[in-house]
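Visitor: As input, take protein.cif (mmCIF, N, CA and C atoms):
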```
data_target
loop_
_atom_site.label_atom_id
_atom_site.label_comp_id
_atom_site.auth_asym_id
_atom_site.auth_seq_id
_atom_site.Cartn_x
_atom_site.Cartn_y
_atom_site.Cartn_z
N MET A 1 -93.06 -140.24 -55.23
CA MET A 1 -92.88 -141.25 -54.21
C MET A 1 -91.55 -140.98 -53.50
N THR A 2 -91.56 -141.03 -52.18
CA THR A 2 -90.36 -140.76 -51.39
C THR A 2 -89.44 -141.99 -51.37
N ASN A 3 -88.20 -141.77 -50.97
CA ASN A 3 -87.26 -142.88 -50.84
C ASN A 3 -87.75 -143.90 -49.82
N ARG A 4 -88.40 -143.42 -48.77
CA ARG A 4 -88.95 -144.31 -47.75
C ARG A 4 -90.02 -145.22 -48.35
N GLU A 5 -90.91 -144.64 -49.14
CA GLU A 5 -91.98 -145.42 -49.77
C GLU A 5 -91.42 -146.43 -50.77
N ILE A 6 -90.40 -146.03 -51.52
CA ILE A 6 -89.78 -146.94 -52.48
C ILE A 6 -89.16 -148.13 -51.75
N LEU A 7 -88.47 -147.85 -50.66
CA LEU A 7 -87.85 -148.92 -49.88
C LEU A 7 -88.91 -149.83 -49.26
N LEU A 8 -90.01 -149.25 -48.79
CA LEU A 8 -91.09 -150.08 -48.23
C LEU A 8 -91.70 -150.98 -49.30
N LYS A 9 -91.86 -150.48 -50.51
CA LYS A 9 -92.39 -151.30 -51.61
C LYS A 9 -91.44 -152.45 -51.95
N LYS A 10 -90.14 -152.17 -51.97
CA LYS A 10 -89.16 -153.22 -52.23
C LYS A 10 -89.19 -154.27 -51.12
N LEU A 11 -89.30 -153.80 -49.89
CA LEU A 11 -89.37 -154.69 -48.74
C LEU A 11 -90.62 -155.57 -48.81
N SER A 12 -91.73 -154.97 -49.17
CA SER A 12 -92.99 -155.70 -49.30
C SER A 12 -92.91 -156.75 -50.41
N ALA A 13 -92.31 -156.40 -51.53
CA ALA A 13 -92.18 -157.34 -52.65
C ALA A 13 -91.28 -158.51 -52.26
N ALA A 14 -90.19 -158.23 -51.57
CA ALA A 14 -89.28 -159.30 -51.14
C ALA A 14 -89.97 -160.23 -50.15
N GLN A 15 -90.75 -159.66 -49.24
CA GLN A 15 -91.46 -160.45 -48.25
C GLN A 15 -92.54 -161.32 -48.92
N PHE A 16 -93.24 -160.75 -49.89
CA PHE A 16 -94.26 -161.49 -50.62
C PHE A 16 -93.63 -162.67 -51.38
N THR A 17 -92.54 -162.41 -52.07
CA THR A 17 -91.86 -163.46 -52.83
C THR A 17 -91.38 -164.57 -51.91
N GLN A 18 -90.82 -164.18 -50.79
CA GLN A 18 -90.33 -165.16 -49.82
C GLN A 18 -91.49 -166.01 -49.29
N TRP A 19 -92.61 -165.39 -48.99
CA TRP A 19 -93.76 -166.13 -48.47
C TRP A 19 -94.32 -167.10 -49.52
N GLU A 20 -94.43 -166.65 -50.75
CA GLU A 20 -94.93 -167.52 -51.82
C GLU A 20 -94.02 -168.73 -52.03
N LEU A 21 -92.72 -168.50 -51.99
CA LEU A 21 -91.79 -169.62 -52.11
C LEU A 21 -91.90 -170.57 -50.93
N HIS A 22 -92.12 -170.01 -49.76
CA HIS A 22 -92.32 -170.83 -48.56
C HIS A 22 -93.54 -171.74 -48.75
N LEU A 23 -94.62 -171.19 -49.25
CA LEU A 23 -95.82 -172.00 -49.48
C LEU A 23 -95.56 -173.08 -50.53
N TYR A 24 -94.86 -172.72 -51.59
CA TYR A 24 -94.52 -173.70 -52.63
C TYR A 24 -93.67 -174.83 -52.05
N LEU A 25 -92.69 -174.48 -51.23
CA LEU A 25 -91.82 -175.49 -50.65
C LEU A 25 -92.54 -176.40 -49.66
N ASP A 26 -93.66 -175.95 -49.11
CA ASP A 26 -94.46 -176.83 -48.26
C ASP A 26 -94.95 -178.05 -49.03
N THR A 27 -95.23 -177.87 -50.31
CA THR A 27 -95.75 -178.97 -51.12
C THR A 27 -94.70 -179.58 -52.05
N HIS A 28 -93.55 -178.92 -52.18
CA HIS A 28 -92.47 -179.39 -53.05
C HIS A 28 -91.13 -179.32 -52.30
N PRO A 29 -91.00 -180.03 -51.19
CA PRO A 29 -89.80 -179.89 -50.36
C PRO A 29 -88.50 -180.35 -51.01
N SER A 30 -88.59 -181.12 -52.07
CA SER A 30 -87.36 -181.61 -52.71
C SER A 30 -86.90 -180.74 -53.88
N ASP A 31 -87.58 -179.63 -54.13
CA ASP A 31 -87.21 -178.72 -55.22
C ASP A 31 -86.05 -177.85 -54.76
N LEU A 32 -84.84 -178.28 -55.12
CA LEU A 32 -83.64 -177.58 -54.65
C LEU A 32 -83.47 -176.20 -55.27
N GLN A 33 -83.95 -176.01 -56.50
CA GLN A 33 -83.88 -174.68 -57.13
C GLN A 33 -84.76 -173.69 -56.37
N ALA A 34 -85.95 -174.14 -55.99
CA ALA A 34 -86.86 -173.26 -55.24
C ALA A 34 -86.28 -172.96 -53.86
N LEU A 35 -85.65 -173.94 -53.25
CA LEU A 35 -85.03 -173.72 -51.94
C LEU A 35 -83.90 -172.71 -52.03
N ALA A 36 -83.09 -172.81 -53.08
CA ALA A 36 -82.00 -171.85 -53.27
C ALA A 36 -82.56 -170.45 -53.50
N LEU A 37 -83.62 -170.34 -54.29
CA LEU A 37 -84.25 -169.04 -54.53
C LEU A 37 -84.85 -168.48 -53.25
N PHE A 38 -85.46 -169.35 -52.45
CA PHE A 38 -86.01 -168.92 -51.16
C PHE A 38 -84.92 -168.32 -50.29
N LYS A 39 -83.78 -169.00 -50.21
CA LYS A 39 -82.68 -168.50 -49.38
C LYS A 39 -82.15 -167.17 -49.90
N LYS A 40 -82.10 -167.03 -51.22
CA LYS A 40 -81.66 -165.77 -51.83
C LYS A 40 -82.65 -164.64 -51.48
N CYS A 41 -83.94 -164.93 -51.58
CA CYS A 41 -84.97 -163.93 -51.26
C CYS A 41 -84.96 -163.59 -49.78
N GLU A 42 -84.70 -164.58 -48.96
CA GLU A 42 -84.64 -164.35 -47.51
C GLU A 42 -83.49 -163.40 -47.18
N ALA A 43 -82.35 -163.61 -47.82
CA ALA A 43 -81.20 -162.72 -47.59
C ALA A 43 -81.51 -161.30 -48.07
N LYS A 44 -82.16 -161.18 -49.23
CA LYS A 44 -82.52 -159.86 -49.76
C LYS A 44 -83.49 -159.15 -48.81
N TYR A 45 -84.47 -159.90 -48.30
CA TYR A 45 -85.43 -159.31 -47.36
C TYR A 45 -84.71 -158.80 -46.12
N ARG A 46 -83.83 -159.61 -45.56
CA ARG A 46 -83.09 -159.19 -44.37
C ARG A 46 -82.26 -157.94 -44.64
N MET A 47 -81.61 -157.89 -45.81
CA MET A 47 -80.80 -156.74 -46.17
C MET A 47 -81.67 -155.48 -46.29
N LEU A 48 -82.81 -155.59 -46.98
CA LEU A 48 -83.71 -154.45 -47.14
C LEU A 48 -84.28 -154.00 -45.80
N ARG A 49 -84.61 -154.96 -44.95
CA ARG A 49 -85.17 -154.61 -43.64
C ARG A 49 -84.13 -153.87 -42.80
N GLU A 50 -82.90 -154.36 -42.81
CA GLU A 50 -81.84 -153.68 -42.07
C GLU A 50 -81.62 -152.27 -42.60
N GLU A 51 -81.62 -152.13 -43.93
CA GLU A 51 -81.46 -150.80 -44.54
C GLU A 51 -82.59 -149.87 -44.12
N PHE A 52 -83.82 -150.37 -44.16
CA PHE A 52 -84.96 -149.54 -43.78
C PHE A 52 -84.84 -149.12 -42.32
N GLU A 53 -84.55 -150.07 -41.45
CA GLU A 53 -84.50 -149.76 -40.01
C GLU A 53 -83.35 -148.83 -39.67
N GLU A 54 -82.24 -148.91 -40.41
CA GLU A 54 -81.13 -147.97 -40.20
C GLU A 54 -81.55 -146.54 -40.54
N LYS A 55 -82.28 -146.40 -41.65
CA LYS A 55 -82.66 -145.08 -42.14
C LYS A 55 -83.90 -144.51 -41.45
N TYR A 56 -84.89 -145.37 -41.18
CA TYR A 56 -86.20 -144.87 -40.75
C TYR A 56 -86.69 -145.41 -39.42
N GLY A 57 -85.95 -146.29 -38.80
CA GLY A 57 -86.35 -146.83 -37.51
C GLY A 57 -87.05 -148.17 -37.64
N PRO A 58 -87.39 -148.76 -36.51
CA PRO A 58 -87.96 -150.10 -36.49
C PRO A 58 -89.33 -150.18 -37.18
N LEU A 59 -89.62 -151.35 -37.74
CA LEU A 59 -90.89 -151.57 -38.42
C LEU A 59 -92.01 -151.99 -37.47
N SER A 60 -91.64 -152.54 -36.33
CA SER A 60 -92.67 -152.96 -35.38
C SER A 60 -92.13 -152.88 -33.95
N HIS A 61 -93.01 -153.10 -33.01
CA HIS A 61 -92.62 -153.05 -31.60
C HIS A 61 -91.66 -154.19 -31.25
N LEU A 62 -91.62 -155.23 -32.03
CA LEU A 62 -90.72 -156.35 -31.77
C LEU A 62 -89.27 -156.02 -32.09
N ASP A 63 -89.06 -154.97 -32.85
CA ASP A 63 -87.72 -154.60 -33.30
C ASP A 63 -87.16 -153.38 -32.56
N SER A 64 -87.78 -152.99 -31.46
CA SER A 64 -87.32 -151.78 -30.80
C SER A 64 -87.38 -151.92 -29.29
N VAL A 65 -86.79 -150.94 -28.66
CA VAL A 65 -86.82 -150.86 -27.21
C VAL A 65 -87.82 -149.78 -26.83
N GLY A 66 -88.72 -150.10 -25.94
CA GLY A 66 -89.71 -149.12 -25.50
C GLY A 66 -90.65 -148.72 -26.62
N ALA A 67 -90.94 -147.42 -26.71
CA ALA A 67 -91.90 -146.90 -27.69
C ALA A 67 -91.22 -146.30 -28.91
N GLU A 68 -89.98 -146.70 -29.17
CA GLU A 68 -89.22 -146.16 -30.31
C GLU A 68 -89.97 -146.32 -31.63
N TRP A 69 -90.66 -147.43 -31.80
CA TRP A 69 -91.35 -147.71 -33.06
C TRP A 69 -92.56 -146.83 -33.29
N LEU A 70 -93.00 -146.11 -32.27
CA LEU A 70 -94.17 -145.24 -32.38
C LEU A 70 -93.85 -143.85 -32.91
N LYS A 71 -92.58 -143.57 -33.12
CA LYS A 71 -92.21 -142.23 -33.58
C LYS A 71 -92.74 -141.94 -34.98
N ASN A 72 -92.86 -140.67 -35.29
CA ASN A 72 -93.37 -140.21 -36.59
C ASN A 72 -92.48 -140.65 -37.73
N PRO A 73 -92.96 -140.63 -38.94
CA PRO A 73 -94.30 -140.19 -39.32
C PRO A 73 -95.31 -141.33 -39.27
N TRP A 74 -96.53 -140.99 -38.90
CA TRP A 74 -97.63 -141.92 -38.98
C TRP A 74 -98.13 -141.92 -40.42
N PRO A 75 -98.80 -142.97 -40.85
CA PRO A 75 -99.24 -143.03 -42.25
C PRO A 75 -100.02 -141.79 -42.70
N TRP A 76 -100.87 -141.25 -41.85
CA TRP A 76 -101.68 -140.09 -42.23
C TRP A 76 -100.89 -138.78 -42.21
N ASP A 77 -99.66 -138.83 -41.70
CA ASP A 77 -98.80 -137.65 -41.70
C ASP A 77 -98.04 -137.52 -43.02
N ILE A 78 -98.05 -138.55 -43.82
CA ILE A 78 -97.31 -138.56 -45.08
C ILE A 78 -98.16 -137.92 -46.16
N GLU A 79 -97.56 -136.96 -46.85
CA GLU A 79 -98.27 -136.23 -47.90
C GLU A 79 -98.72 -137.19 -48.99
N GLY A 80 -99.96 -137.04 -49.42
CA GLY A 80 -100.49 -137.89 -50.47
C GLY A 80 -101.09 -139.19 -49.97
N CYS A 81 -101.11 -139.39 -48.67
CA CYS A 81 -101.67 -140.62 -48.09
C CYS A 81 -103.19 -140.62 -48.32
N SER A 82 -103.70 -141.74 -48.79
CA SER A 82 -105.15 -141.83 -49.05
C SER A 82 -105.86 -142.53 -47.90
N CYS A 83 -105.34 -142.39 -46.70
CA CYS A 83 -105.94 -143.04 -45.51
C CYS A 83 -107.25 -142.35 -45.14
#
```
Reformat the file's structure so that it appears as structure tokens.
Guide:
Amino acid sequence: MTNREILLKKLSAAQFTQWELHLYLDTHPSDLQALALFKKCEAKYRMLREEFEEKYGPLSHLDSVGAEWLKNPWPWDIEGCSC
């Protein structure tokens, strides 16, 4: 597994955790421990996203100017891709 793939997995896990906590907080808005954990996960996600974009470029068209986000590698260009 490449460093890029490892970072993407970490980013995905942080985003998943953040989303699950968000859903939990929808039904438990007074849970201050969950809110603190959500904020911690949100900060971690932002940090990982910034690290990824510094090293590998933007993750989507919303994070770039022009067609910058379309640059290689495409998923099928990565060795071992099961696409």
Visitor: Just want the 7 Å neighbourhood of region 42-47 of chain A, counted on all atoms listed in the file, with same-chain residues fewer than 6 positions away dropped. Output as an mmCIF file with N, CA and C atoms, in the frame of the given file.
Guide:
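The result, stored in selection.cif:
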```
data_model
loop_
_atom_site.group_PDB
_atom_site.id
_atom_site.type_symbol
_atom_site.label_atom_id
_atom_site.label_comp_id
_atom_site.auth_asym_id
_atom_site.auth_seq_id
_atom_site.Cartn_x
_atom_site.Cartn_y
_atom_site.Cartn_z
ATOM 1 N N LEU A 11 -89.300 -153.800 -49.890
ATOM 2 C CA LEU A 11 -89.370 -154.690 -48.740
ATOM 3 C C LEU A 11 -90.620 -155.570 -48.810
ATOM 4 N N ALA A 14 -90.190 -158.230 -51.570
ATOM 5 C CA ALA A 14 -89.280 -159.300 -51.140
ATOM 6 C C ALA A 14 -89.970 -160.230 -50.150
ATOM 7 N N GLN A 15 -90.750 -159.660 -49.240
ATOM 8 C CA GLN A 15 -91.460 -160.450 -48.250
ATOM 9 C C GLN A 15 -92.540 -161.320 -48.920
ATOM 10 N N GLN A 18 -90.820 -164.180 -50.790
ATOM 11 C CA GLN A 18 -90.330 -165.160 -49.820
ATOM 12 C C GLN A 18 -91.490 -166.010 -49.290
#
```
Visitor: Grab all the atoms of region 22-29 of chain A that the file lists, wrap them in a box along x, y and z, add 6 Å per side, and give me centre plus edge lengths in Å (one decimal) as AutoDock Vina command-line options.
Guide:
```
--center_x -92.2 --center_y -175.2 --center_z -50.7 --size_x 19.3 --size_y 22.3 --size_z 16.8
```
Visitor: So which residues get picked by the PyMOL selection byres (((chain A and resi 48-53 and name CA) around 12) and name CA) here, written as a VMD selection string?
Guide: chain A and resid 3 to 15 41 to 47 54 to 60 63 to 64 68 to 69
Visitor: With N, CA and C atoms kept, could you save the residues just selected as a PDB file, in the coordinates of the input?
Guide:
```pdb
ATOM      1  N   ASN A   3     -88.200-141.770 -50.970  1.00  0.00           N
ATOM      2  CA  ASN A   3     -87.260-142.880 -50.840  1.00  0.00           C
ATOM      3  C   ASN A   3     -87.750-143.900 -49.820  1.00  0.00           C
ATOM      4  N   ARG A   4     -88.400-143.420 -48.770  1.00  0.00           N
ATOM      5  CA  ARG A   4     -88.950-144.310 -47.750  1.00  0.00           C
ATOM      6  C   ARG A   4     -90.020-145.220 -48.350  1.00  0.00           C
ATOM      7  N   GLU A   5     -90.910-144.640 -49.140  1.00  0.00           N
ATOM      8  CA  GLU A   5     -91.980-145.420 -49.770  1.00  0.00           C
ATOM      9  C   GLU A   5     -91.420-146.430 -50.770  1.00  0.00           C
ATOM     10  N   ILE A   6     -90.400-146.030 -51.520  1.00  0.00           N
ATOM     11  CA  ILE A   6     -89.780-146.940 -52.480  1.00  0.00           C
ATOM     12  C   ILE A   6     -89.160-148.130 -51.750  1.00  0.00           C
ATOM     13  N   LEU A   7     -88.470-147.850 -50.660  1.00  0.00           N
ATOM     14  CA  LEU A   7     -87.850-148.920 -49.880  1.00  0.00           C
ATOM     15  C   LEU A   7     -88.910-149.830 -49.260  1.00  0.00           C
ATOM     16  N   LEU A   8     -90.010-149.250 -48.790  1.00  0.00           N
ATOM     17  CA  LEU A   8     -91.090-150.080 -48.230  1.00  0.00           C
ATOM     18  C   LEU A   8     -91.700-150.980 -49.300  1.00  0.00           C
ATOM     19  N   LYS A   9     -91.860-150.480 -50.510  1.00  0.00           N
ATOM     20  CA  LYS A   9     -92.390-151.300 -51.610  1.00  0.00           C
ATOM     21  C   LYS A   9     -91.440-152.450 -51.950  1.00  0.00           C
ATOM     22  N   LYS A  10     -90.140-152.170 -51.970  1.00  0.00           N
ATOM     23  CA  LYS A  10     -89.160-153.220 -52.230  1.00  0.00           C
ATOM     24  C   LYS A  10     -89.190-154.270 -51.120  1.00  0.00           C
ATOM     25  N   LEU A  11     -89.300-153.800 -49.890  1.00  0.00           N
ATOM     26  CA  LEU A  11     -89.370-154.690 -48.740  1.00  0.00           C
ATOM     27  C   LEU A  11     -90.620-155.570 -48.810  1.00  0.00           C
ATOM     28  N   SER A  12     -91.730-154.970 -49.170  1.00  0.00           N
ATOM     29  CA  SER A  12     -92.990-155.700 -49.300  1.00  0.00           C
ATOM     30  C   SER A  12     -92.910-156.750 -50.410  1.00  0.00           C
ATOM     31  N   ALA A  13     -92.310-156.400 -51.530  1.00  0.00           N
ATOM     32  CA  ALA A  13     -92.180-157.340 -52.650  1.00  0.00           C
ATOM     33  C   ALA A  13     -91.280-158.510 -52.260  1.00  0.00           C
ATOM     34  N   ALA A  14     -90.190-158.230 -51.570  1.00  0.00           N
ATOM     35  CA  ALA A  14     -89.280-159.300 -51.140  1.00  0.00           C
ATOM     36  C   ALA A  14     -89.970-160.230 -50.150  1.00  0.00           C
ATOM     37  N   GLN A  15     -90.750-159.660 -49.240  1.00  0.00           N
ATOM     38  CA  GLN A  15     -91.460-160.450 -48.250  1.00  0.00           C
ATOM     39  C   GLN A  15     -92.540-161.320 -48.920  1.00  0.00           C
ATOM     40  N   CYS A  41     -83.940-164.930 -51.580  1.00  0.00           N
ATOM     41  CA  CYS A  41     -84.970-163.930 -51.260  1.00  0.00           C
ATOM     42  C   CYS A  41     -84.960-163.590 -49.780  1.00  0.00           C
ATOM     43  N   GLU A  42     -84.700-164.580 -48.960  1.00  0.00           N
ATOM     44  CA  GLU A  42     -84.640-164.350 -47.510  1.00  0.00           C
ATOM     45  C   GLU A  42     -83.490-163.400 -47.180  1.00  0.00           C
ATOM     46  N   ALA A  43     -82.350-163.610 -47.820  1.00  0.00           N
ATOM     47  CA  ALA A  43     -81.200-162.720 -47.590  1.00  0.00           C
ATOM     48  C   ALA A  43     -81.510-161.300 -48.070  1.00  0.00           C
ATOM     49  N   LYS A  44     -82.160-161.180 -49.230  1.00  0.00           N
ATOM     50  CA  LYS A  44     -82.520-159.860 -49.760  1.00  0.00           C
ATOM     51  C   LYS A  44     -83.490-159.150 -48.810  1.00  0.00           C
ATOM     52  N   TYR A  45     -84.470-159.900 -48.300  1.00  0.00           N
ATOM     53  CA  TYR A  45     -85.430-159.310 -47.360  1.00  0.00           C
ATOM     54  C   TYR A  45     -84.710-158.800 -46.120  1.00  0.00           C
ATOM     55  N   ARG A  46     -83.830-159.610 -45.560  1.00  0.00           N
ATOM     56  CA  ARG A  46     -83.090-159.190 -44.370  1.00  0.00           C
ATOM     57  C   ARG A  46     -82.260-157.940 -44.640  1.00  0.00           C
ATOM     58  N   MET A  47     -81.610-157.890 -45.810  1.00  0.00           N
ATOM     59  CA  MET A  47     -80.800-156.740 -46.170  1.00  0.00           C
ATOM     60  C   MET A  47     -81.670-155.480 -46.290  1.00  0.00           C
ATOM     61  N   GLU A  54     -82.240-148.910 -40.410  1.00  0.00           N
ATOM     62  CA  GLU A  54     -81.130-147.970 -40.200  1.00  0.00           C
ATOM     63  C   GLU A  54     -81.550-146.540 -40.540  1.00  0.00           C
ATOM     64  N   LYS A  55     -82.280-146.400 -41.650  1.00  0.00           N
ATOM     65  CA  LYS A  55     -82.660-145.080 -42.140  1.00  0.00           C
ATOM     66  C   LYS A  55     -83.900-144.510 -41.450  1.00  0.00           C
ATOM     67  N   TYR A  56     -84.890-145.370 -41.180  1.00  0.00           N
ATOM     68  CA  TYR A  56     -86.200-144.870 -40.750  1.00  0.00           C
ATOM     69  C   TYR A  56     -86.690-145.410 -39.420  1.00  0.00           C
ATOM     70  N   GLY A  57     -85.950-146.290 -38.800  1.00  0.00           N
ATOM     71  CA  GLY A  57     -86.350-146.830 -37.510  1.00  0.00           C
ATOM     72  C   GLY A  57     -87.050-148.170 -37.640  1.00  0.00           C
ATOM     73  N   PRO A  58     -87.390-148.760 -36.510  1.00  0.00           N
ATOM     74  CA  PRO A  58     -87.960-150.100 -36.490  1.00  0.00           C
ATOM     75  C   PRO A  58     -89.330-150.180 -37.180  1.00  0.00           C
ATOM     76  N   LEU A  59     -89.620-151.350 -37.740  1.00  0.00           N
ATOM     77  CA  LEU A  59     -90.890-151.570 -38.420  1.00  0.00           C
ATOM     78  C   LEU A  59     -92.010-151.990 -37.470  1.00  0.00           C
ATOM     79  N   SER A  60     -91.640-152.540 -36.330  1.00  0.00           N
ATOM     80  CA  SER A  60     -92.670-152.960 -35.380  1.00  0.00           C
ATOM     81  C   SER A  60     -92.130-152.880 -33.950  1.00  0.00           C
ATOM     82  N   ASP A  63     -89.060-154.970 -32.850  1.00  0.00           N
ATOM     83  CA  ASP A  63     -87.720-154.600 -33.300  1.00  0.00           C
ATOM     84  C   ASP A  63     -87.160-153.380 -32.560  1.00  0.00           C
ATOM     85  N   SER A  64     -87.780-152.990 -31.460  1.00  0.00           N
ATOM     86  CA  SER A  64     -87.320-151.780 -30.800  1.00  0.00           C
ATOM     87  C   SER A  64     -87.380-151.920 -29.290  1.00  0.00           C
ATOM     88  N   GLU A  68     -89.980-146.700 -29.170  1.00  0.00           N
ATOM     89  CA  GLU A  68     -89.220-146.160 -30.310  1.00  0.00           C
ATOM     90  C   GLU A  68     -89.970-146.320 -31.630  1.00  0.00           C
ATOM     91  N   TRP A  69     -90.660-147.430 -31.800  1.00  0.00           N
ATOM     92  CA  TRP A  69     -91.350-147.710 -33.060  1.00  0.00           C
ATOM     93  C   TRP A  69     -92.560-146.830 -33.290  1.00  0.00           C
TER      94      TRP A  69
END
```
Visitor: When you draw a straight line from atom N of Phe16 (chain A) to atom N of Ala34 (chain A), how long is it in Å?
Guide: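 Computing it gives 16.4 Å between the two atoms.
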Visitor: For atom C of Ser30 (chain A) and atom C of Thr17 (chain A), quote the distance in Å rounded to one decimal.
Guide: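 Value for the atom C of Ser30 (chain A)-atom C of Thr17 (chain A) distance: 16.9 Å.
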Visitor: Just give me the gap between atom C of Leu37 (chain A) and atom C of Trp19 (chain A) in Å, one decimal is fine.
Guide: 10.3 Å
Visitor: For N, CA and C atoms, please extract region 15-30 of chain A from the block and return it as a PDB file, in the first residue's frame.
Guide:
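As written to disk, selection-v4.pdb reads:
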```pdb
ATOM      1  N   GLN A  15     -13.367  10.843   8.484  1.00  0.00           N
ATOM      2  CA  GLN A  15     -14.619  11.378   7.960  1.00  0.00           C
ATOM      3  C   GLN A  15     -15.806  10.509   8.409  1.00  0.00           C
ATOM      4  N   PHE A  16     -15.630   9.200   8.387  1.00  0.00           N
ATOM      5  CA  PHE A  16     -16.677   8.285   8.824  1.00  0.00           C
ATOM      6  C   PHE A  16     -17.002   8.505  10.305  1.00  0.00           C
ATOM      7  N   THR A  17     -15.972   8.592  11.129  1.00  0.00           N
ATOM      8  CA  THR A  17     -16.164   8.801  12.563  1.00  0.00           C
ATOM      9  C   THR A  17     -16.877  10.120  12.827  1.00  0.00           C
ATOM     10  N   GLN A  18     -16.455  11.141  12.127  1.00  0.00           N
ATOM     11  CA  GLN A  18     -17.076  12.456  12.280  1.00  0.00           C
ATOM     12  C   GLN A  18     -18.549  12.400  11.886  1.00  0.00           C
ATOM     13  N   TRP A  19     -18.871  11.732  10.802  1.00  0.00           N
ATOM     14  CA  TRP A  19     -20.262  11.644  10.345  1.00  0.00           C
ATOM     15  C   TRP A  19     -21.116  10.854  11.341  1.00  0.00           C
ATOM     16  N   GLU A  20     -20.596   9.756  11.851  1.00  0.00           N
ATOM     17  CA  GLU A  20     -21.345   8.955  12.826  1.00  0.00           C
ATOM     18  C   GLU A  20     -21.619   9.755  14.104  1.00  0.00           C
ATOM     19  N   LEU A  21     -20.630  10.508  14.555  1.00  0.00           N
ATOM     20  CA  LEU A  21     -20.846  11.355  15.725  1.00  0.00           C
ATOM     21  C   LEU A  21     -21.865  12.446  15.441  1.00  0.00           C
ATOM     22  N   HIS A  22     -21.835  12.975  14.245  1.00  0.00           N
ATOM     23  CA  HIS A  22     -22.822  13.979  13.828  1.00  0.00           C
ATOM     24  C   HIS A  22     -24.232  13.390  13.916  1.00  0.00           C
ATOM     25  N   LEU A  23     -24.407  12.190  13.421  1.00  0.00           N
ATOM     26  CA  LEU A  23     -25.720  11.546  13.483  1.00  0.00           C
ATOM     27  C   LEU A  23     -26.148  11.298  14.933  1.00  0.00           C
ATOM     28  N   TYR A  24     -25.214  10.854  15.750  1.00  0.00           N
ATOM     29  CA  TYR A  24     -25.506  10.626  17.168  1.00  0.00           C
ATOM     30  C   TYR A  24     -25.932  11.926  17.847  1.00  0.00           C
ATOM     31  N   LEU A  25     -25.219  13.006  17.556  1.00  0.00           N
ATOM     32  CA  LEU A  25     -25.531  14.288  18.172  1.00  0.00           C
ATOM     33  C   LEU A  25     -26.873  14.854  17.722  1.00  0.00           C
ATOM     34  N   ASP A  26     -27.368  14.415  16.566  1.00  0.00           N
ATOM     35  CA  ASP A  26     -28.704  14.825  16.135  1.00  0.00           C
ATOM     36  C   ASP A  26     -29.766  14.366  17.131  1.00  0.00           C
ATOM     37  N   THR A  27     -29.546  13.209  17.741  1.00  0.00           N
ATOM     38  CA  THR A  27     -30.525  12.667  18.676  1.00  0.00           C
ATOM     39  C   THR A  27     -30.115  12.829  20.142  1.00  0.00           C
ATOM     40  N   HIS A  28     -28.871  13.231  20.381  1.00  0.00           N
ATOM     41  CA  HIS A  28     -28.354  13.417  21.743  1.00  0.00           C
ATOM     42  C   HIS A  28     -27.604  14.757  21.829  1.00  0.00           C
ATOM     43  N   PRO A  29     -28.276  15.864  21.578  1.00  0.00           N
ATOM     44  CA  PRO A  29     -27.583  17.154  21.501  1.00  0.00           C
ATOM     45  C   PRO A  29     -26.963  17.628  22.814  1.00  0.00           C
ATOM     46  N   SER A  30     -27.375  17.063  23.924  1.00  0.00           N
ATOM     47  CA  SER A  30     -26.826  17.513  25.211  1.00  0.00           C
ATOM     48  C   SER A  30     -25.644  16.664  25.692  1.00  0.00           C
TER      49      SER A  30
END
```
